[in-house]
Amino acid sequence: MNLQKELNPQQCKVVTTTEGPVLVLAGAGSGKTRSVIYRTAYLINEKKINPWNILVVTFTNKAARELKDRLENTFGISARSLWIGTFHSVCTRILRYEEKSLPFNSNFSIYDESDQKSVIKKVYKKLDVDPKKFPPGKVREIISRQKNSLILPKDFFNFNESNYFSETTHKIYKAYQNFLSVNNALDFDDLLMYTAILFHDNAKVRKKYEKKFQYVMIDEYQDTNYAQFKIINLIAKNHQNLCVVGDDDQAIYSWRGADIRNILSFEADYKNVIKIKLEQNYRSPKSFLDAANSLIRNNTERHKKVLWTDISSSEKPELVKLENENKEAEYVAREISQLQSLGKSLNECVVLYRTNAQSRVFENAFSLQKIRYQIVGGVNFYQRKEVKDILAYLKVLVNPADEESFLRIINVPSRGIGKMTIDKLSASKLENNSTYFDAIQKKKTYLSGKQERSIAELVSKLKKWKADSEKIPVTVLTKNIIEEFEFIDYYEKSKDPKDISRSENIREFIAATEEFSENYENDTGEQPVLIDFLQQISLQTDLDNVDEDEETVKLMTMHNAKGLEFDNVYIVGVEDGLLPHSRSMDTLHNLEEERRLLYVAITRAKKSVKLCYTRHRRYFDTVLTSLPSRFLLEIDEQYIKKEDNTFIESKVPRIKTGKYQKSIILESQKYFNIGQKIKHDKFGEGMILDVSGSGNDAKLTISFSNGKLKKIIGTFVKTI
DNA sequence: TTAAGTATGCTTTTT
DNA sequence: GCATACTTAA
């Protein structure tokens, strides 16, 4: 390894500083991933550390895959015994290994967001909760936030004020957890929460992993939440060999519980931290960085950093005004067509938007211009109805207690089982205190002849497949199920044109099982079993399914673009209400996150970047007049290219909502957030658990490090 | 009792 | 503009 030749001095320092806590503040395009790869290789090849003593946590599965590939291809390191993965996949692995120390067995199902909502709705029926008063989506978010903060139902009122709303929420949370436990299921947040609790409560297990993971690296540290912080802290606090890499300017997941303060207070959380800044950008021309810098400096919550570059180019980010969203899509399609005729690859073009719904007009325009494209995100492949149906069959085979999945398949394909029959089964299930699977076999007498026969048939098939699942490959099993119920034929025969793509999706699903098996064998040298497949795809995102071999323009949200780079970037819908999104401009904190989102988008570009906005935009069935994003006005004019009349209609965006005006006032004030660390003259240091009200005089619920919980007005505390 | 047909309501971002 | 929830027919 010739580090000096291949890396700059700061990157070298990241790679060779292997002992003790290291904080790497890495700007966009500064070779962050490169440094992580070299550091891993250095640990193994030069420091002779065993691969199995290293843990690397990435933000996406795709990043993990790339890391593994590059270690193998560039450094000849077998990634088999290395632990590289996302928090969720690493935790899943740990939870499966540590079955005997946990209240669930290792065949657990992983519930996605729609499963979660469905469970919540069921819980409502039992508790007689009105979904209008307690929207399931909102309650799901609240539960998620509790879990990300490691607040179990039993601790709920230590952290939440007691009132009608919170008492009901607590009841729902408790019943929800109970339901999951009966179904041997975990949601995404449980994967993190149970791992953190396991490490916290079980010293024996913690020591095992502390010893195993002697060197820990975390990428995208700015987007970790409290549970993730805790997991890592419990592993690393004794040996302190922890290297975190991140960029506070690219923190865009606070809505998911990520706490930017994890990176901001790293130096306080660990001792003698070595801080390294990577400020040289190897991706974008100077004017792109200047524009991005002039935008991001409007944020108050950040570490100051100066990104610089050697790349010179006369190209500037270009502002483009269009009449409406259709014209916007046509414009982008035309531009890309032109690039294509110049021999440029479609793979180097990306369209970035704030919301998934914006993709539709681009699909139309690209089809019309015969430009091949792939949409990343939106409805995840594995969330599609037809795919989820087949998945539900597989899940039931692995985890018969999984009621969610069982009820999904009981009448798919239609076999004459309706609501009444299911109600009867539920009653029998309750009586016997068993799973549906067992209930059906024990007491069939409740049912009429027709229903009983069709259920008996289903059960016998499931039993056979369950036995099969231990012997035959995943692909064969999946094919058997699909053929048995003629799923493909069913959709192909349908008149609805959408069903054609459903049949294609099912074929694709079969292909996916095959691909999985191949990869699994390559990675581990072992044959996968069904549960391996199910748990892996539960954690897969759309980004992981992008077909790299096919030359296509990519369409994705700005969130999905994190960590990626493209020659030509089209940022569309840069309008007030969309970016910043109308639901994210009520507070300074939210507004700053939106600004970071645009910052991330601009810094993806290597050769060209266009910022598009429209005069009019259709929402549902009405056409609204749109205004350019307020962020566009913040970018220093000298760094961008624009037509003379751009902005002629409004120099300053109108402030539409009273809420935003409030946030302007807030700008000059202190602002509090859940999870923020503070100091009080009398009680010492603590963390904010809840904020009610806003600004300086918000009421804060604070957990102090001496263990006391207090409610204090914001004016009495200092942020640290 | 189930299946098909019709009205409604919701869309920020995702592991 | 699409998926879910309710209504009606068989």
# chains A, B, ... in the order shown; residues from 1 in each chain; ligands from 1
call {"tool": "closest_atom_pairs", "arguments": {"of": "chain B", "to": "chain A", "cutoff": "7 Å", "atoms": "only C-alpha atoms (C1' of nucleotides)", "output": "tab-separated table"}}
result
residue	atom	partner	partner_atom	distance
B:DT1	C1'	A:Gly418	CA	6.9
B:DT2	C1'	A:Gly418	CA	6.1
B:DT12	C1'	A:Thr355	CA	6.1
B:DT13	C1'	A:His559	CA	6.4
B:DT15	C1'	A:His88	CA	6.6
call {"tool": "write_last_selection", "arguments": {"atoms": "C-alpha atoms (C1' of nucleotides)", "output": "PDB file, in the first residue's frame"}}
result
ATOM      1  C1'  DT B   1     -71.175 -14.160   2.976  1.00  0.00           C
ATOM      2  C1'  DT B   2     -68.489 -12.785  -0.570  1.00  0.00           C
ATOM      3  C1'  DT B  12     -42.387  14.579   2.570  1.00  0.00           C
ATOM      4  C1'  DT B  13     -38.380  12.574   2.900  1.00  0.00           C
ATOM      5  C1'  DT B  15     -33.832   1.950   7.204  1.00  0.00           C
TER       6       DT B  15
END
call {"tool": "closest_atom_pairs", "arguments": {"of": "chain C", "to": "chain A", "cutoff": "12 Å", "atoms": "only C-alpha atoms (C1' of nucleotides)", "output": "JSON lines"}}
result
{"residue": "C:DG1", "atom": "C1'", "partner": "A:Phe620", "partner_atom": "CA", "distance": 7.0}
{"residue": "C:DC2", "atom": "C1'", "partner": "A:Phe620", "partner_atom": "CA", "distance": 10.7}
{"residue": "C:DA3", "atom": "C1'", "partner": "A:Lys385", "partner_atom": "CA", "distance": 11.0}
{"residue": "C:DT4", "atom": "C1'", "partner": "A:Ser118", "partner_atom": "CA", "distance": 11.9}
call {"tool": "write_last_selection", "arguments": {"atoms": "N, CA and C atoms (P, O5', C5', C4', C3', O3' and C1' of nucleotides)", "output": "short mmCIF file (atom, residue, chain, number, x, y, z; two decimals), in the first residue's frame"}}
result
data_model
loop_
_atom_site.label_atom_id
_atom_site.label_comp_id
_atom_site.auth_asym_id
_atom_site.auth_seq_id
_atom_site.Cartn_x
_atom_site.Cartn_y
_atom_site.Cartn_z
P DG C 1 -54.94 13.12 -12.90
"O5'" DG C 1 -53.69 12.09 -12.71
"C5'" DG C 1 -52.98 12.21 -11.52
"C4'" DG C 1 -52.93 10.88 -10.81
"C3'" DG C 1 -53.72 9.73 -11.40
"O3'" DG C 1 -53.02 8.52 -11.05
"C1'" DG C 1 -54.69 10.33 -9.33
P DC C 2 -53.36 7.06 -11.44
"O5'" DC C 2 -53.06 6.30 -10.08
"C5'" DC C 2 -51.93 6.54 -9.26
"C4'" DC C 2 -52.31 6.06 -7.87
"C3'" DC C 2 -52.92 4.66 -7.84
"O3'" DC C 2 -52.20 3.86 -6.92
"C1'" DC C 2 -54.36 6.22 -6.74
P DA C 3 -52.41 2.28 -6.90
"O5'" DA C 3 -52.91 2.09 -5.40
"C5'" DA C 3 -52.15 2.65 -4.32
"C4'" DA C 3 -53.04 2.80 -3.11
"C3'" DA C 3 -53.70 1.49 -2.66
"O3'" DA C 3 -53.55 1.36 -1.26
"C1'" DA C 3 -55.35 3.16 -3.02
P DT C 4 -53.85 0.00 -0.50
"O5'" DT C 4 -55.03 0.44 0.47
"C5'" DT C 4 -54.87 1.59 1.30
"C4'" DT C 4 -56.23 2.08 1.75
"C3'" DT C 4 -57.11 0.99 2.38
"O3'" DT C 4 -57.54 1.45 3.66
"C1'" DT C 4 -58.32 2.16 0.71
#
call {"tool": "select_by_dssp", "arguments": {"residues": "region 279-375 of chain A", "states": "strand (DSSP E or B)", "output": "list in words"}}
result
Gln280, Asn281, Trp308, Thr309, Glu318, Leu319, Val320, Lys321, Leu322, Cys349, Val350, Val351, Leu352, Tyr353, Tyr373, Gln374 and Ile375 of chain A
call {"tool": "residues_around", "arguments": {"residues": "DT7 (chain C)", "least_positions_apart": "6", "cutoff": "10 Å", "atoms": "only C-alpha atoms (C1' of nucleotides)", "output": "ChimeraX atom specification"}}
result
/B:5-7
call {"tool": "write_last_selection", "arguments": {"atoms": "N, CA and C atoms (P, O5', C5', C4', C3', O3' and C1' of nucleotides)", "output": "PDB file, in the first residue's frame"}}
result
ATOM      1  P    DG B   5     -67.524  -5.050 -11.308  1.00  0.00           P
ATOM      2  O5'  DG B   5     -68.185  -3.951 -10.382  1.00  0.00           O
ATOM      3  C5'  DG B   5     -69.609  -3.773 -10.350  1.00  0.00           C
ATOM      4  C4'  DG B   5     -69.893  -2.522  -9.551  1.00  0.00           C
ATOM      5  C3'  DG B   5     -69.285  -1.239 -10.130  1.00  0.00           C
ATOM      6  O3'  DG B   5     -70.247  -0.196 -10.085  1.00  0.00           O
ATOM      7  C1'  DG B   5     -68.560  -1.513  -7.907  1.00  0.00           C
ATOM      8  P    DT B   6     -69.935   1.244 -10.622  1.00  0.00           P
ATOM      9  O5'  DT B   6     -69.743   2.046  -9.256  1.00  0.00           O
ATOM     10  C5'  DT B   6     -70.882   2.336  -8.425  1.00  0.00           C
ATOM     11  C4'  DT B   6     -70.414   3.105  -7.210  1.00  0.00           C
ATOM     12  C3'  DT B   6     -69.826   4.485  -7.515  1.00  0.00           C
ATOM     13  O3'  DT B   6     -70.413   5.446  -6.651  1.00  0.00           O
ATOM     14  C1'  DT B   6     -68.360   3.271  -6.148  1.00  0.00           C
ATOM     15  P    DA B   7     -70.238   6.971  -6.883  1.00  0.00           P
ATOM     16  O5'  DA B   7     -69.528   7.393  -5.526  1.00  0.00           O
ATOM     17  C5'  DA B   7     -70.254   7.358  -4.288  1.00  0.00           C
ATOM     18  C4'  DA B   7     -69.288   7.534  -3.136  1.00  0.00           C
ATOM     19  C3'  DA B   7     -68.615   8.903  -3.066  1.00  0.00           C
ATOM     20  O3'  DA B   7     -68.650   9.345  -1.716  1.00  0.00           O
ATOM     21  C1'  DA B   7     -66.970   7.201  -3.096  1.00  0.00           C
TER      22       DA B   7
END
call {"tool": "atom_distance", "arguments": {"atom1": "CA of Trp52 (chain A)", "atom2": "CA of Arg80 (chain A)"}}
result
8.7 Å
call {"tool": "select_by_dssp", "arguments": {"residues": "region 418-585 of chain A", "states": "alpha helix (DSSP H)", "output": "PyMOL selection string"}}
result
chain A and resi 419-432+436-442+449-469+474-484+487-493+497-524+530-538
call {"tool": "residues_around", "arguments": {"residues": "region 398-410 of chain A", "least_positions_apart": "6", "cutoff": "8 Å", "atoms": "only C-alpha atoms (C1' of nucleotides)", "output": "list in words"}}
result
Asn107, Phe108, Ser109, Asp115, Val119, Val182, Asn183, Asn184, Ala185, Asp389, Ala392, Ile417, Thr435, Tyr436, Phe437, Ile455, Leu458, Lys466, Leu530 and Ile531 of chain A
call {"tool": "closest_residue", "arguments": {"among": "A:Lys429, A:Lys321, A:Ala561, A:Ile510", "to": "Leu627 (chain A)", "atoms": "only C-alpha atoms"}}
result
A:Lys321
call {"tool": "atom_distance", "arguments": {"atom1": "CA of His200 (chain A)", "atom2": "CA of Tyr176 (chain A)"}}
result
23.2 Å
call {"tool": "residues_around", "arguments": {"residues": "Lys271 (chain A)", "least_positions_apart": "5", "cutoff": "10 Å", "atoms": "only C-alpha atoms (C1' of nucleotides)", "output": "compact mmCIF listing (two decimals) with N, CA and C atoms, in the first residue's frame"}}
result
# COMPACT_ATOMS: atom_id res chain seq x y z
N GLY A 20 -7.83 4.65 19.19
CA GLY A 20 -8.52 5.76 19.86
C GLY A 20 -9.64 6.34 19.00
N PRO A 21 -10.44 7.22 19.62
CA PRO A 21 -11.58 7.79 18.90
C PRO A 21 -11.14 8.81 17.85
N VAL A 22 -11.68 8.67 16.66
CA VAL A 22 -11.36 9.57 15.55
C VAL A 22 -12.65 10.14 14.98
N LYS A 237 -17.05 1.94 24.10
CA LYS A 237 -16.61 2.88 25.14
C LYS A 237 -15.41 2.37 25.93
N GLN A 240 -12.46 2.21 22.89
CA GLN A 240 -12.40 3.54 22.27
C GLN A 240 -11.85 3.56 20.84
N PHE A 266 -19.46 14.58 19.56
CA PHE A 266 -18.59 13.39 19.61
C PHE A 266 -17.37 13.61 20.51
call {"tool": "atom_distance", "arguments": {"atom1": "CA of Asn148 (chain A)", "atom2": "CA of Asp247 (chain A)"}}
result
21.1 Å
